[in-house]
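*Asks:* Sharing a structure here in structure tokens format.
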Amino acid sequence: MNELICRPQWLEQTHADLKRHEGFRPYAYPDPLSPLGKKHGSKFGYKPARNVLASIGANEKDGAPWTVGYGFTGKNITPDTTITAEDADEKLYDEIVAHVKGLDKLVPDWLQAPLYVQSVLANLIFNMGAGGLGEFKNTLKMINSGN
């Protein structure tokens, strides 16, 4: 039975934006900046990675770190990893929520900002992490002062 989940508007908007920006791939694919990703990245993600590796005669280590779904990486993602669209959608919600906890330190009143600011900040911290976003000191200062 599907239960109704009420999520904040910023989360729904960020989720929709990230799905559109990241794109979904059910099968593992190599990091785009890895040697394998640079040379053969577009061949991966839409069929089992082991099949693609075999067809091009490549070594899986040349693709690390491996990625799946909407850009999910981690030590448990291997060329054998697959994910359904439904599981990836739920994981994306969880990942967004985990990342935005860093906004509470960087922009304490971020939930009081307009929706577009909330979703842009959530998207930025998802993609750059708190450390990366924290480097934008002048921008954060302006946001924190309401500008």
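Chain labels run A, B, ... following the order of the structure tokens; each chain numbers its residues from 1, and ligands are numbered from 1 in the order shown.
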Quick one: residues within 10 Å of A:Gly129, only C-alpha atoms counted, chain neighbours fewer than 3 positions away excluded, as a short mmCIF file (atom, residue, chain, number, x, y, z; two decimals) with C-alpha atoms, in the first residue's frame?
*Replies:*
```
data_model
loop_
_atom_site.label_atom_id
_atom_site.label_comp_id
_atom_site.auth_asym_id
_atom_site.auth_seq_id
_atom_site.Cartn_x
_atom_site.Cartn_y
_atom_site.Cartn_z
CA HIS A 99 23.21 17.00 2.45
CA VAL A 100 21.04 19.96 3.42
CA GLY A 102 25.03 21.42 6.23
CA LEU A 103 22.92 24.42 5.27
CA ALA A 122 19.90 22.54 -1.57
CA ASN A 123 21.07 21.76 -5.10
CA LEU A 124 24.42 23.47 -4.52
CA ILE A 125 25.15 21.66 -1.26
CA PHE A 126 24.09 18.36 -2.84
CA GLY A 132 32.63 23.39 -1.39
CA LEU A 133 29.66 25.66 -0.78
CA GLY A 134 31.41 27.08 2.29
#
```
*Asks:* Per DSSP on the backbone, filter chain A down to the residues in alpha helix (DSSP H) and report them as a PyMOL selection string.
*Replies:* chain A and resi 9-22+35-40+49-56+85-100+103-106+115-134+137-144
*Asks:* Using only C-alpha atoms, which protein or nucleic acid residues come within 8 Å of stretch 104-110 of chain A? Drop anything in the same chain fewer than 4 positions from it, and give the result as a list of chain:residue names.
*Replies:*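 Residues near the query, excluding close chain neighbours: A:Val100, A:Val117, A:Gln118, A:Ala130, A:Gly134, A:Leu140, A:Ile143, A:Asn144.
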*Asks:* Generate a file of the selected residues that holds N, CA, C and O atoms, formatted as a PDB file, in the first residue's frame.
*Replies:*
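Saved to again-v2.pdb:
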```pdb
ATOM      1  N   VAL A 100      21.480  18.619   3.020  1.00  0.00           N
ATOM      2  CA  VAL A 100      21.037  19.958   3.422  1.00  0.00           C
ATOM      3  C   VAL A 100      21.246  20.240   4.901  1.00  0.00           C
ATOM      4  O   VAL A 100      21.170  21.402   5.308  1.00  0.00           O
ATOM      5  N   VAL A 117      15.433  30.204  -3.732  1.00  0.00           N
ATOM      6  CA  VAL A 117      16.702  30.267  -3.007  1.00  0.00           C
ATOM      7  C   VAL A 117      16.912  28.965  -2.232  1.00  0.00           C
ATOM      8  O   VAL A 117      18.007  28.400  -2.244  1.00  0.00           O
ATOM      9  N   GLN A 118      15.879  28.472  -1.574  1.00  0.00           N
ATOM     10  CA  GLN A 118      15.966  27.206  -0.843  1.00  0.00           C
ATOM     11  C   GLN A 118      16.399  26.072  -1.770  1.00  0.00           C
ATOM     12  O   GLN A 118      17.319  25.300  -1.447  1.00  0.00           O
ATOM     13  N   ALA A 130      29.176  20.638   1.849  1.00  0.00           N
ATOM     14  CA  ALA A 130      29.258  21.816   2.714  1.00  0.00           C
ATOM     15  C   ALA A 130      30.604  22.523   2.557  1.00  0.00           C
ATOM     16  O   ALA A 130      30.680  23.744   2.571  1.00  0.00           O
ATOM     17  N   GLY A 134      30.839  26.196   1.283  1.00  0.00           N
ATOM     18  CA  GLY A 134      31.408  27.085   2.294  1.00  0.00           C
ATOM     19  C   GLY A 134      32.506  27.989   1.766  1.00  0.00           C
ATOM     20  O   GLY A 134      32.823  29.016   2.371  1.00  0.00           O
ATOM     21  N   LEU A 140      27.584  33.630   0.550  1.00  0.00           N
ATOM     22  CA  LEU A 140      26.902  33.206   1.775  1.00  0.00           C
ATOM     23  C   LEU A 140      26.652  34.396   2.699  1.00  0.00           C
ATOM     24  O   LEU A 140      25.594  34.485   3.326  1.00  0.00           O
ATOM     25  N   ILE A 143      23.634  36.189   1.262  1.00  0.00           N
ATOM     26  CA  ILE A 143      22.402  35.426   1.519  1.00  0.00           C
ATOM     27  C   ILE A 143      22.012  35.546   2.986  1.00  0.00           C
ATOM     28  O   ILE A 143      20.853  35.789   3.307  1.00  0.00           O
ATOM     29  N   ASN A 144      23.002  35.402   3.861  1.00  0.00           N
ATOM     30  CA  ASN A 144      22.721  35.490   5.298  1.00  0.00           C
ATOM     31  C   ASN A 144      22.265  36.883   5.729  1.00  0.00           C
ATOM     32  O   ASN A 144      21.607  37.022   6.749  1.00  0.00           O
TER      33      ASN A 144
END
```
*Asks:* Taking only C-alpha atoms into account, name the residue in A:Leu111, A:Leu11, A:Leu36, A:Ile5 that is nearest to A:Tyr93.
*Replies:*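 Nearest to A:Tyr93: A:Leu11.
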*Asks:* Considering only C-alpha atoms, state which residue in the set A:Trp10, A:Phe24, A:Tyr29, A:Tyr116 is at the smallest distance from A:Val52.
*Replies:*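 Once distances to A:Val52 are computed over only C-alpha atoms, the minimum belongs to A:Tyr29.
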*Asks:* May I ask for the distance between atom CA of A:Ser42 and atom CA of A:Ala85, given in Å to one decimal place?
*Replies:*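 Distance reported for this atom pair: 19.2 Å.
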*Asks:* Counting only C-alpha atoms, which of A:Asp62, A:Thr67, A:Met128, A:His21 gets nearest to A:Thr82?
*Replies:*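 That would be A:Thr67, the residue with the smallest distance to A:Thr82.
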*Asks:* Tell me, as a PDB file with C-alpha atoms, in the first residue's frame, which residues lie within 10 Å of A:Pro30, counting only C-alpha atoms; anything in the same chain fewer than 2 positions away does not count.
*Replies:*
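Saved file part_36.pdb follows:
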```
ATOM      1  CA  ALA A  28      26.658   1.304 -12.861  1.00  0.00           C
ATOM      2  CA  PRO A  32      33.161  10.759 -15.897  1.00  0.00           C
ATOM      3  CA  LEU A  33      36.640  12.029 -14.947  1.00  0.00           C
ATOM      4  CA  SER A  34      38.203   8.540 -14.799  1.00  0.00           C
ATOM      5  CA  PRO A  35      40.239   7.249 -17.764  1.00  0.00           C
ATOM      6  CA  LEU A  36      37.438   4.811 -18.614  1.00  0.00           C
ATOM      7  CA  GLY A  37      34.728   7.449 -18.195  1.00  0.00           C
ATOM      8  CA  LYS A  38      36.538   9.943 -20.414  1.00  0.00           C
ATOM      9  CA  HIS A  40      33.868   5.239 -23.001  1.00  0.00           C
ATOM     10  CA  GLY A  41      31.504   6.858 -20.463  1.00  0.00           C
ATOM     11  CA  SER A  42      28.535   7.166 -22.824  1.00  0.00           C
ATOM     12  CA  LYS A  43      28.523   3.394 -23.394  1.00  0.00           C
ATOM     13  CA  PHE A  44      27.707   2.733 -19.730  1.00  0.00           C
ATOM     14  CA  GLY A  45      24.634   3.008 -17.528  1.00  0.00           C
ATOM     15  CA  ALA A  49      28.580  -2.657 -16.839  1.00  0.00           C
ATOM     16  CA  GLU A  60      36.967  -1.909 -13.950  1.00  0.00           C
ATOM     17  CA  LYS A  61      39.633  -0.140 -11.868  1.00  0.00           C
ATOM     18  CA  ASP A  62      40.003   2.428 -14.651  1.00  0.00           C
ATOM     19  CA  GLY A  63      36.425   3.589 -13.974  1.00  0.00           C
ATOM     20  CA  ALA A  64      36.553   4.131 -10.229  1.00  0.00           C
ATOM     21  CA  PRO A  65      34.674   5.445  -8.447  1.00  0.00           C
ATOM     22  CA  TRP A  66      31.614   3.782  -9.956  1.00  0.00           C
ATOM     23  CA  THR A  67      28.272   5.546  -9.996  1.00  0.00           C
ATOM     24  CA  VAL A  68      24.617   4.484 -10.380  1.00  0.00           C
ATOM     25  CA  THR A  73      28.774   6.971  -5.613  1.00  0.00           C
ATOM     26  CA  THR A  78      30.649  -1.597  -8.183  1.00  0.00           C
ATOM     27  CA  PRO A  79      30.259  -2.467 -11.870  1.00  0.00           C
TER      28      PRO A  79
END
```
*Asks:* Give me, as a ChimeraX atom specification, all polymer residues having an atom no more than 9 Å from A:Phe72, counting only C-alpha atoms and skipping those fewer than 5 positions away in the same chain.
*Replies:* /A:66-67,77,88,91-92,95
*Asks:* For N, CA, C and O atoms, I'd like the residues from the last selection saved as a compact mmCIF listing (two decimals), in the first residue's frame.
*Replies:*
```txt
# COMPACT_ATOMS: atom_id res chain seq x y z
N TRP A 66 32.79 4.12 -9.16
CA TRP A 66 31.61 3.78 -9.96
C TRP A 66 30.39 4.50 -9.41
O TRP A 66 30.32 4.86 -8.24
N THR A 67 29.45 4.74 -10.29
CA THR A 67 28.27 5.55 -10.00
C THR A 67 27.04 4.83 -10.52
O THR A 67 27.13 4.05 -11.47
N ILE A 77 29.36 0.84 -4.42
CA ILE A 77 28.93 0.86 -5.82
C ILE A 77 30.04 0.21 -6.66
O ILE A 77 31.18 0.67 -6.65
N ALA A 88 15.87 4.52 -6.71
CA ALA A 88 16.72 5.70 -6.93
C ALA A 88 15.99 6.98 -6.51
O ALA A 88 16.60 7.88 -5.92
N LYS A 91 16.13 7.06 -2.74
CA LYS A 91 17.50 7.34 -2.31
C LYS A 91 17.86 8.80 -2.55
O LYS A 91 18.53 9.42 -1.73
N LEU A 92 17.37 9.36 -3.64
CA LEU A 92 17.66 10.77 -3.93
C LEU A 92 17.06 11.67 -2.86
O LEU A 92 17.71 12.60 -2.38
N GLU A 95 19.30 11.35 0.15
CA GLU A 95 20.59 12.02 -0.05
C GLU A 95 20.45 13.54 0.06
O GLU A 95 21.31 14.20 0.64
```
*Asks:* Can you work out which one of A:Asn138, A:Ser55, A:Gln112, A:Gln13 has the shortest atom-to-atom distance to A:Ile96, counting only C-alpha atoms?
*Replies:*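 That would be A:Gln13, the residue with the smallest distance to A:Ile96.
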*Asks:* Please give the complete set of residues from stretch 48-85 of chain A that DSSP, run on the backbone, assigns to strand (DSSP E), formatted as a VMD selection string.
*Replies:* chain A and resid 66 to 69 72 to 73
*Asks:* For A:Asn147, which residue out of A:Gly23, A:Pro48, A:Gly74, A:Ala113 is the nearest one, using only C-alpha atoms?
*Replies:* A:Ala113
